[in-house]
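Visitor: The file below is model35.pdb, PDB, C-alpha atoms and all ligand atoms:
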ATOM      1  CA  MET A1435      88.519 115.510  96.664
ATOM      2  CA  ASP A1436      86.970 115.753  93.178
ATOM      3  CA  ASP A1437      87.904 112.506  91.436
ATOM      4  CA  LYS A1438      86.043 109.717  93.209
ATOM      5  CA  THR A1439      86.460 106.960  90.621
ATOM      6  CA  GLU A1440      87.560 103.770  92.320
ATOM      7  CA  ASP A1441      91.018 103.650  90.792
ATOM      8  CA  SER A1442      91.739 107.376  91.187
ATOM      9  CA  LEU A1443      94.922 108.227  93.068
ATOM     10  CA  GLU A1444      92.902 109.802  95.877
ATOM     11  CA  CYS A1445      90.853 106.637  96.375
ATOM     12  CA  LEU A1446      93.958 104.447  96.367
ATOM     13  CA  VAL A1447      95.692 106.704  98.888
ATOM     14  CA  ALA A1448      92.676 106.526 101.201
ATOM     15  CA  GLU A1449      92.324 102.764 100.687
ATOM     16  CA  SER A1450      95.996 102.143 101.486
ATOM     17  CA  LEU A1451      95.304 103.723 104.862
ATOM     18  CA  ASP A1452      92.091 101.721 105.282
ATOM     19  CA  ALA A1453      90.086 104.963 105.080
ATOM     20  CA  GLU A1454      86.903 105.860 103.205
ATOM     21  CA  ALA A1455      87.515 108.004 100.129
ATOM     22  CA  GLU A1456      85.562 110.862 101.720
ATOM     23  CA  LEU A1457      88.244 111.086 104.422
ATOM     24  CA  TYR A1458      90.974 111.861 101.860
ATOM     25  CA  ASP A1459      91.044 115.611 102.593
ATOM     26  CA  CYS A1460      91.241 115.178 106.346
ATOM     27  CA  LEU A1461      93.822 112.348 106.354
ATOM     28  CA  PRO A1462      96.716 114.747 107.111
ATOM     29  CA  GLU A1463      94.834 116.045 110.166
ATOM     30  CA  LEU A1464      93.690 112.583 111.240
ATOM     31  CA  LEU A1465      97.263 111.270 111.071
ATOM     32  CA  ALA A1466      98.940 114.477 112.209
ATOM     33  CA  ASP A1467     100.437 112.875 115.332
ATOM     34  CA  LEU A1468     102.040 109.969 113.484
ATOM     35  CA  ASP A1469     105.334 110.034 111.602
ATOM     36  CA  GLU A1470     105.119 106.386 110.585
ATOM     37  CA  LEU A1471     101.947 105.405 108.753
ATOM     38  CA  SER A1472     102.242 101.629 108.682
ATOM     39  CA  VAL A1473     105.118  99.840 110.389
ATOM     40  CA  PRO A1474     107.727 100.967 112.941
ATOM     41  CA  THR A1475     110.680 102.466 111.048
ATOM     42  CA  GLU A1476     113.221 100.808 113.363
ATOM     43  CA  VAL A1477     111.951  97.357 112.375
ATOM     44  CA  VAL A1478     112.478  98.146 108.674
ATOM     45  CA  LEU A1479     115.910  99.666 109.290
ATOM     46  CA  ASP A1480     116.998  96.616 111.299
ATOM     47  CA  LEU A1481     115.850  94.427 108.408
ATOM     48  CA  ILE A1482     117.840  96.558 105.944
ATOM     49  CA  ASP A1483     120.911  95.996 108.155
ATOM     50  CA  HIS A1484     120.974  92.517 106.543
ATOM     51  CA  ALA A1485     121.574  94.083 103.115
ATOM     52  CA  GLU A1486     124.818  95.512 101.834
ATOM     53  CA  VAL A1487     123.953  99.208 101.616
ATOM     54  CA  ALA A1488     126.949 101.390 100.863
ATOM     55  CA  PRO A1489     126.966 105.166 101.420
ATOM     56  CA  GLY A1490     125.623 106.793  98.265
ATOM     57  CA  ALA A1491     123.429 103.777  97.420
ATOM     58  CA  GLN A1492     120.358 104.700  95.357
ATOM     59  CA  ILE A1493     117.116 103.769  97.028
ATOM     60  CA  LEU A1494     113.472 104.326  96.144
ATOM     61  CA  ASP A1495     110.763 104.417  98.822
ATOM     62  CA  LEU A1496     107.400 104.004  97.114
ATOM     63  CA  GLY A1497     104.422 105.269  99.123
ATOM     64  CA  CYS A1498     106.812 106.996 101.515
ATOM     65  CA  GLY A1499     104.041 108.679 103.510
ATOM     66  CA  LYS A1500     105.607 111.373 105.697
ATOM     67  CA  GLY A1501     109.126 110.206 104.942
ATOM     68  CA  ALA A1502     110.082 108.482 108.218
ATOM     69  CA  LEU A1503     111.623 105.441 106.520
ATOM     70  CA  ALA A1504     113.371 107.405 103.768
ATOM     71  CA  ILE A1505     114.922 109.763 106.333
ATOM     72  CA  GLY A1506     115.868 106.811 108.554
ATOM     73  CA  ILE A1507     117.610 105.078 105.634
ATOM     74  CA  GLY A1508     119.406 108.285 104.703
ATOM     75  CA  SER A1509     120.641 108.746 108.278
ATOM     76  CA  ARG A1510     121.612 105.166 109.055
ATOM     77  CA  PHE A1511     123.183 104.176 105.735
ATOM     78  CA  GLY A1512     124.164 107.479 104.093
ATOM     79  CA  ALA A1513     122.096 106.435 101.068
ATOM     80  CA  ASN A1514     120.396 108.691  98.535
ATOM     81  CA  VAL A1515     116.691 108.089  98.917
ATOM     82  CA  TRP A1516     113.861 109.163  96.646
ATOM     83  CA  GLY A1517     110.489 109.111  98.356
ATOM     84  CA  ILE A1518     107.302 109.105  96.325
ATOM     85  CA  ASP A1519     103.815 109.507  97.677
ATOM     86  CA  GLY A1520     100.404 110.259  96.219
ATOM     87  CA  HIS A1521      99.233 112.641  98.940
ATOM     88  CA  PRO A1522     100.835 116.080  98.460
ATOM     89  CA  LYS A1523     100.445 116.972 102.126
ATOM     90  CA  PHE A1524     102.338 113.863 103.215
ATOM     91  CA  VAL A1525     105.074 114.842 100.776
ATOM     92  CA  ASP A1526     105.153 118.376 102.261
ATOM     93  CA  ALA A1527     105.507 116.803 105.723
ATOM     94  CA  ALA A1528     108.346 114.560 104.464
ATOM     95  CA  VAL A1529     110.224 117.519 102.963
ATOM     96  CA  GLU A1530     109.862 119.419 106.237
ATOM     97  CA  SER A1531     111.026 116.450 108.348
ATOM     98  CA  ALA A1532     114.075 115.971 106.097
ATOM     99  CA  ARG A1533     114.878 119.664 106.462
ATOM    100  CA  ILE A1534     114.615 119.469 110.264
ATOM    101  CA  ALA A1535     116.767 116.320 110.310
ATOM    102  CA  ALA A1536     119.259 118.026 107.953
ATOM    103  CA  GLN A1537     118.946 114.950 105.763
ATOM    104  CA  GLU A1538     120.057 116.320 102.419
ATOM    105  CA  THR A1539     120.351 112.948 100.706
ATOM    106  CA  CYS A1540     116.556 112.477 100.719
ATOM    107  CA  SER A1541     114.222 114.017  98.194
ATOM    108  CA  PHE A1542     110.489 113.659  97.824
ATOM    109  CA  ARG A1543     107.869 114.146  95.158
ATOM    110  CA  THR A1544     104.169 113.697  94.705
ATOM    111  CA  ALA A1545     103.343 111.088  92.083
ATOM    112  CA  ASP A1546     101.253 108.010  91.440
ATOM    113  CA  ILE A1547     103.323 104.877  92.073
ATOM    114  CA  ARG A1548     101.517 103.137  89.214
ATOM    115  CA  GLN A1549     103.292 105.413  86.736
ATOM    116  CA  ALA A1550     106.345 106.575  88.723
ATOM    117  CA  VAL A1551     107.637 103.034  89.205
ATOM    118  CA  PHE A1552     108.512 102.941  85.484
ATOM    119  CA  ASP A1553     110.795 105.998  85.795
ATOM    120  CA  TYR A1554     113.561 104.103  87.609
ATOM    121  CA  ARG A1555     116.239 101.607  86.553
ATOM    122  CA  GLY A1556     119.464 100.285  88.098
ATOM    123  CA  LEU A1557     118.632 101.093  91.731
ATOM    124  CA  ASP A1558     120.233  99.395  94.718
ATOM    125  CA  MET A1559     116.991  98.992  96.647
ATOM    126  CA  VAL A1560     113.248  99.570  96.396
ATOM    127  CA  CYS A1561     111.030  99.779  99.485
ATOM    128  CA  PHE A1562     107.310  99.089  99.155
ATOM    129  CA  VAL A1563     105.952  99.037 102.677
ATOM    130  CA  GLY A1564     102.317  99.183 103.743
ATOM    131  CA  ILE A1565     100.963  99.958 100.278
ATOM    132  CA  GLY A1566      98.784  96.963  99.396
ATOM    133  CA  PRO A1567      97.935  95.531  95.976
ATOM    134  CA  ILE A1568      97.922  98.761  93.941
ATOM    135  CA  ILE A1569     100.153  97.289  91.238
ATOM    136  CA  GLY A1570      98.642  93.825  91.372
ATOM    137  CA  ASP A1571      99.024  90.665  93.409
ATOM    138  CA  LEU A1572     102.323  89.681  95.019
ATOM    139  CA  GLU A1573     103.775  88.175  91.832
ATOM    140  CA  GLN A1574     102.790  91.193  89.703
ATOM    141  CA  THR A1575     104.140  93.558  92.345
ATOM    142  CA  LEU A1576     107.485  91.746  92.485
ATOM    143  CA  ALA A1577     107.757  91.661  88.689
ATOM    144  CA  THR A1578     107.143  95.406  88.494
ATOM    145  CA  LEU A1579     109.417  96.430  91.374
ATOM    146  CA  ARG A1580     112.411  94.271  90.387
ATOM    147  CA  ARG A1581     112.577  96.047  87.003
ATOM    148  CA  CYS A1582     113.806  99.140  88.907
ATOM    149  CA  LEU A1583     116.809  97.278  90.343
ATOM    150  CA  ARG A1584     120.364  96.560  89.298
ATOM    151  CA  PRO A1585     121.402  92.890  89.340
ATOM    152  CA  GLY A1586     121.920  92.013  92.989
ATOM    153  CA  GLY A1587     119.604  94.816  94.117
ATOM    154  CA  TYR A1588     117.233  94.535  97.064
ATOM    155  CA  LEU A1589     113.486  94.703  97.603
ATOM    156  CA  VAL A1590     111.853  95.456 100.943
ATOM    157  CA  LEU A1591     108.154  94.720 101.215
ATOM    158  CA  ASP A1592     105.540  93.480 103.641
ATOM    159  CA  GLU A1593     103.498  90.343 103.114
ATOM    160  CA  ALA A1594     101.529  88.690 105.898
ATOM    161  CA  TYR A1595     101.058  84.934 106.213
ATOM    162  CA  LEU A1596      98.893  82.476 108.108
ATOM    163  CA  SER A1597     100.227  80.775 111.212
ATOM    164  CA  ALA A1598      97.368  78.222 111.340
ATOM    165  CA  PRO A1599      95.975  75.803 108.706
ATOM    166  CA  LYS A1600      93.347  77.402 106.494
ATOM    167  CA  SER A1601      90.978  74.538 107.226
ATOM    168  CA  GLU A1602      90.755  75.757 110.838
ATOM    169  CA  LEU A1603      90.001  79.363 109.861
ATOM    170  CA  GLY A1604      87.012  81.324 108.633
ATOM    171  CA  PRO A1605      86.311  82.511 105.057
ATOM    172  CA  GLU A1606      87.978  85.883 105.741
ATOM    173  CA  TYR A1607      91.350  84.092 105.465
ATOM    174  CA  GLU A1608      90.508  82.352 102.190
ATOM    175  CA  HIS A1609      92.913  84.493 100.148
ATOM    176  CA  CYS A1610      95.826  84.217 102.604
ATOM    177  CA  PHE A1611      98.741  81.791 102.440
ATOM    178  CA  ASP A1612     100.914  79.948 104.928
ATOM    179  CA  ARG A1613     104.578  80.885 105.439
ATOM    180  CA  GLU A1614     105.963  78.185 103.177
ATOM    181  CA  THR A1615     103.720  79.197 100.275
ATOM    182  CA  THR A1616     104.498  82.859 100.897
ATOM    183  CA  LEU A1617     108.234  82.128 100.759
ATOM    184  CA  ALA A1618     107.776  80.208  97.506
ATOM    185  CA  ARG A1619     105.769  83.085  96.017
ATOM    186  CA  LEU A1620     108.395  85.619  97.104
ATOM    187  CA  GLU A1621     111.158  83.571  95.474
ATOM    188  CA  SER A1622     109.130  82.545  92.406
ATOM    189  CA  GLN A1623     110.940  85.021  90.117
ATOM    190  CA  GLY A1624     114.442  83.915  91.026
ATOM    191  CA  ASP A1625     115.009  86.291  93.927
ATOM    192  CA  ARG A1626     116.270  85.106  97.312
ATOM    193  CA  VAL A1627     114.760  85.959 100.690
ATOM    194  CA  CYS A1628     117.694  87.302 102.753
ATOM    195  CA  ALA A1629     115.853  88.213 105.942
ATOM    196  CA  GLU A1630     112.423  88.451 107.533
ATOM    197  CA  ALA A1631     111.110  90.668 110.348
ATOM    198  CA  LEU A1632     107.920  89.930 112.234
ATOM    199  CA  LEU A1633     105.544  92.715 113.086
ATOM    200  CA  ASP A1634     103.703  90.847 115.840
ATOM    201  CA  THR A1635     106.141  91.630 118.635
ATOM    202  CA  PRO A1636     105.502  93.326 121.999
ATOM    203  CA  ALA A1637     107.348  96.451 120.749
ATOM    204  CA  SER A1638     105.227  96.639 117.601
ATOM    205  CA  ASP A1639     102.109  95.978 119.672
ATOM    206  CA  GLN A1640     102.937  99.009 121.817
ATOM    207  CA  PHE A1641     103.607 101.073 118.667
ATOM    208  CA  TYR A1642     100.169 100.206 117.212
ATOM    209  CA  ARG A1643      98.368 100.827 120.511
ATOM    210  CA  GLU A1644      99.888 104.291 120.850
ATOM    211  CA  ALA A1645      99.102 105.089 117.212
ATOM    212  CA  THR A1646      95.495 103.971 117.704
ATOM    213  CA  GLU A1647      95.080 106.269 120.722
ATOM    214  CA  LYS A1648      96.451 109.240 118.779
ATOM    215  CA  ILE A1649      94.147 108.519 115.839
ATOM    216  CA  LEU A1650      91.138 108.219 118.142
ATOM    217  CA  ALA A1651      91.839 111.615 119.740
ATOM    218  CA  ARG A1652      92.142 113.259 116.308
ATOM    219  CA  ALA A1653      89.034 111.452 115.027
ATOM    220  CA  ARG A1654      86.985 112.813 117.934
ATOM    221  CA  ALA A1655      88.222 116.347 117.279
ATOM    222  CA  ILE A1656      87.399 116.076 113.556
ATOM    223  CA  ALA A1657      83.979 114.597 114.348
ATOM    224  CA  ALA A1658      83.212 117.535 116.657
ATOM    225  CA  GLU A1659      84.288 120.092 114.080
ATOM    226  CA  HIS A1660      82.743 118.372 111.035
ATOM    227  CA  PRO A1661      79.556 116.580 112.145
ATOM    228  CA  GLU A1662      78.958 115.454 108.543
ATOM    229  CA  LEU A1663      82.111 113.308 108.815
ATOM    230  CA  ALA A1664      81.495 112.121 112.376
ATOM    231  CA  SER A1665      80.293 108.587 111.675
ATOM    232  CA  VAL A1666      82.847 107.824 108.976
ATOM    233  CA  VAL A1667      85.819 109.221 110.903
ATOM    234  CA  LEU A1668      84.850 107.467 114.141
ATOM    235  CA  GLU A1669      84.339 104.197 112.247
ATOM    236  CA  PHE A1670      87.838 104.639 110.830
ATOM    237  CA  ALA A1671      89.248 104.986 114.353
ATOM    238  CA  ASP A1672      87.255 101.931 115.442
ATOM    239  CA  ARG A1673      88.689  99.869 112.591
ATOM    240  CA  GLN A1674      92.194 100.901 113.619
ATOM    241  CA  ARG A1675      91.469  99.767 117.137
ATOM    242  CA  ALA A1676      90.006  96.446 115.928
ATOM    243  CA  GLU A1677      93.079  95.865 113.795
ATOM    244  CA  THR A1678      95.355  96.490 116.754
ATOM    245  CA  GLU A1679      93.275  94.077 118.850
ATOM    246  CA  SER A1680      93.619  91.416 116.140
ATOM    247  CA  LEU A1681      97.430  91.406 116.434
ATOM    248  CA  GLY A1682      98.494  88.006 117.629
ATOM    249  CA  GLY A1683      95.763  86.401 115.471
ATOM    250  CA  PRO A1684      96.362  83.822 112.725
ATOM    251  CA  LEU A1685      97.597  86.407 110.217
ATOM    252  CA  VAL A1686     101.234  87.212 110.987
ATOM    253  CA  GLY A1687     102.503  90.560 109.740
ATOM    254  CA  ALA A1688     105.945  90.192 108.178
ATOM    255  CA  LEU A1689     108.493  92.305 106.330
ATOM    256  CA  TRP A1690     110.825  90.715 103.824
ATOM    257  CA  LEU A1691     114.218  91.582 102.391
ATOM    258  CA  LEU A1692     114.743  90.017  98.963
ATOM    259  CA  ARG A1693     117.764  90.113  96.714
ATOM    260  CA  THR A1694     117.657  89.744  92.937
ATOM    261  CA  PRO A1695     120.265  87.453  91.358
ATOM    262  CA  SER A1696     123.535  89.282  90.790
ATOM    263  CA  ASP A1697     124.513  87.395  87.649
ATOM    264  CA  THR A1698     121.492  88.212  85.483
ATOM    265  CA  ASN A1699     119.917  91.422  84.273
ATOM    266  CA  PRO A1700     116.441  92.437  85.457
ATOM    267  CA  ARG A1701     113.792  91.108  83.100
ATOM    268  CA  PRO A1702     113.131  93.474  80.185
TER     269      PRO A1702
HETATM  270  C1  LIG B1801      99.889 102.793 104.881
HETATM  271  S1  LIG B1801     100.753 104.153 104.224
HETATM  272  C2  LIG B1801     102.441 103.631 104.375
HETATM  273  C3  LIG B1801     103.374 104.796 104.360
HETATM  274  C4  LIG B1801     104.846 104.455 104.585
HETATM  275  N1  LIG B1801     105.351 103.503 103.622
HETATM  276  C5  LIG B1801     105.045 103.967 105.985
HETATM  277  O1  LIG B1801     105.315 102.782 106.160
HETATM  278  O2  LIG B1801     104.936 104.796 106.902
HETATM  279  C6  LIG B1801     100.472 103.999 102.483
HETATM  280  C7  LIG B1801     101.029 105.176 101.700
HETATM  281  O3  LIG B1801     100.943 104.887 100.302
HETATM  282  C8  LIG B1801     100.527 106.054  99.620
HETATM  283  N2  LIG B1801      99.885 105.609  98.374
HETATM  284  C9  LIG B1801      98.870 104.745  98.221
HETATM  285  N3  LIG B1801      98.584 104.545  96.926
HETATM  286  C10 LIG B1801      99.472 105.315  96.234
HETATM  287  C11 LIG B1801      99.706 105.537  94.839
HETATM  288  N4  LIG B1801      98.982 104.943  93.888
HETATM  289  N5  LIG B1801     100.697 106.370  94.482
HETATM  290  C12 LIG B1801     101.446 107.012  95.430
HETATM  291  N6  LIG B1801     101.269 106.828  96.758
HETATM  292  C13 LIG B1801     100.295 105.999  97.160
HETATM  293  C14 LIG B1801      99.594 106.743 100.588
HETATM  294  O4  LIG B1801      99.488 108.132 100.324
HETATM  295  C15 LIG B1801     100.254 106.459 101.933
HETATM  296  O5  LIG B1801     101.143 107.478 102.317
END
Could you express the structure from this file as structure tokens?
Guide:
Amino acid sequence: MDDKTEDSLECLVAESLDAEAELYDCLPELLADLDELSVPTEVVLDLIDHAEVAPGAQILDLGCGKGALAIGIGSRFGANVWGIDGHPKFVDAAVESARIAAQETCSFRTADIRQAVFDYRGLDMVCFVGIGPIIGDLEQTLATLRRCLRPGGYLVLDEAYLSAPKSELGPEYEHCFDRETTLARLESQGDRVCAEALLDTPASDQFYREATEKILARARAIAAEHPELASVVLEFADRQRAETESLGGPLVGALWLLRTPSDTNPRP
């Protein structure tokens, strides 16, 4: 990786995966055993079941990683899905998975979401799952994403909330919100929350534990082969494990399905 400025695409890609920038080049190897890079695809697809998605619907999956969600949407709903990701090797993996799944309604390209998001208008749905604040805080992210939609279009995104009062929690939760505030923020631009899916379930817990084990095995292999990366790659695996252990804590992972009003045009 050459460009190490903090807001370079490479840094943002690494950050979205909670990795140090110097791990950018080995991310494909580190995550080689995972198809899904943030949340279980089935949970997102079950959430999308609450939307009206007709065959041929036009859907954008921003930060599609290796394409698991895009391919899942294509298969379950017969939609046309465009997947965009900033890591070319993840995009290569997505193209290959779509080919193997014979999923011809999915296409993928390498691009920076921060620019690519302005290329789309009139879509039926935009997915923005596991990406973080790369286009701003929740309100800025919603404002940007909803411009891609037709009236009555859908947004799918993750936003965690606190299950305990802030006054009982440490400073690390200072910037988090309770569920009621999160709902109000999600609906602050006139959109309606249609459905919510929690990520702190026994099935998700199992998913994260298995993913953590696979990452740890890869991290050890990379550390053995590249001693100069050993500490940083093993710390990455440790962080993944700590995150998995923290499931069930006061921060509840949640996915949301929002619908824009059908009687107004997206804001100019
Ligand atoms: C945690 S992963 C989630 C991947 C996928 N949505 C999933 O749920 O499996 C975050 C993804 O966002 C991509 N990403 C982060 N910042 C990006 C940017 N500015 N432009 C394009 N892709 C980006 C990363 O390459 C990575 O694949």
Visitor: Hey, which residues come within 8 Å of ligand LIG 1801 (chain B) if we count only C-alpha atoms and all ligand atoms? Could you give them as a short mmCIF file (atom, residue, chain, number, x, y, z; two decimals) with C-alpha atoms, in the frame of the given file?
Guide:
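Contents of out29.cif, as written:
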data_model
loop_
_atom_site.label_atom_id
_atom_site.label_comp_id
_atom_site.auth_asym_id
_atom_site.auth_seq_id
_atom_site.Cartn_x
_atom_site.Cartn_y
_atom_site.Cartn_z
CA LEU A 1443 94.92 108.23 93.07
CA GLU A 1444 92.90 109.80 95.88
CA LEU A 1446 93.96 104.45 96.37
CA VAL A 1447 95.69 106.70 98.89
CA ALA A 1448 92.68 106.53 101.20
CA GLU A 1449 92.32 102.76 100.69
CA SER A 1450 96.00 102.14 101.49
CA LEU A 1451 95.30 103.72 104.86
CA ASP A 1452 92.09 101.72 105.28
CA ASP A 1469 105.33 110.03 111.60
CA GLU A 1470 105.12 106.39 110.58
CA LEU A 1471 101.95 105.40 108.75
CA SER A 1472 102.24 101.63 108.68
CA VAL A 1473 105.12 99.84 110.39
CA PRO A 1474 107.73 100.97 112.94
CA THR A 1475 110.68 102.47 111.05
CA ASP A 1495 110.76 104.42 98.82
CA LEU A 1496 107.40 104.00 97.11
CA GLY A 1497 104.42 105.27 99.12
CA CYS A 1498 106.81 107.00 101.52
CA GLY A 1499 104.04 108.68 103.51
CA LYS A 1500 105.61 111.37 105.70
CA GLY A 1501 109.13 110.21 104.94
CA ALA A 1502 110.08 108.48 108.22
CA LEU A 1503 111.62 105.44 106.52
CA ILE A 1518 107.30 109.10 96.32
CA ASP A 1519 103.82 109.51 97.68
CA GLY A 1520 100.40 110.26 96.22
CA HIS A 1521 99.23 112.64 98.94
CA PHE A 1524 102.34 113.86 103.22
CA THR A 1544 104.17 113.70 94.70
CA ALA A 1545 103.34 111.09 92.08
CA ASP A 1546 101.25 108.01 91.44
CA ILE A 1547 103.32 104.88 92.07
CA ARG A 1548 101.52 103.14 89.21
CA CYS A 1561 111.03 99.78 99.48
CA PHE A 1562 107.31 99.09 99.16
CA VAL A 1563 105.95 99.04 102.68
CA GLY A 1564 102.32 99.18 103.74
CA ILE A 1565 100.96 99.96 100.28
CA GLY A 1566 98.78 96.96 99.40
CA ILE A 1568 97.92 98.76 93.94
#
Visitor: Starting from the displayed file, determine the output of the PyMOL selection byres (((chain A and resi 1682) around 10) and not hetatm) and express the residue list as a VMD selection string.
Guide: chain A and resid 1597 1633 to 1636 1639 1678 to 1681 1683 to 1687
Visitor: Do you have the CA of Ala1655 (chain A)-CA of Asp1526 (chain A) distance handy?
Guide: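 These two atoms are separated by 22.7 Å.
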Visitor: Once the PyMOL selection byres (((chain A and resi 1504) around 9) and not hetatm) is applied to the coordinates I shared, what remains selected? I want it as an NGL selection string.
Guide: :A and (1493-1495 or 1498 or 1500-1503 or 1505-1509 or 1514-1517 or 1528 or 1532 or 1540-1541)
Visitor: Within 10 Å of Arg1613 (chain A), counting all atoms listed in the file, which residues show up once you throw out same-chain ones fewer than 4 positions away? Write them as a CSV table (one decimal) with C-alpha atoms, in the frame of the given file, please.
Guide:
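Once written, part-v4.csv looks like this:
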chain,number,residue,atom,x,y,z
A,1593,GLU,CA,103.5,90.3,103.1
A,1594,ALA,CA,101.5,88.7,105.9
A,1595,TYR,CA,101.1,84.9,106.2
A,1596,LEU,CA,98.9,82.5,108.1
A,1597,SER,CA,100.2,80.8,111.2
A,1598,ALA,CA,97.4,78.2,111.3
A,1617,LEU,CA,108.2,82.1,100.8
A,1618,ALA,CA,107.8,80.2,97.5
A,1619,ARG,CA,105.8,83.1,96.0
A,1686,VAL,CA,101.2,87.2,111.0
A,1688,ALA,CA,105.9,90.2,108.2
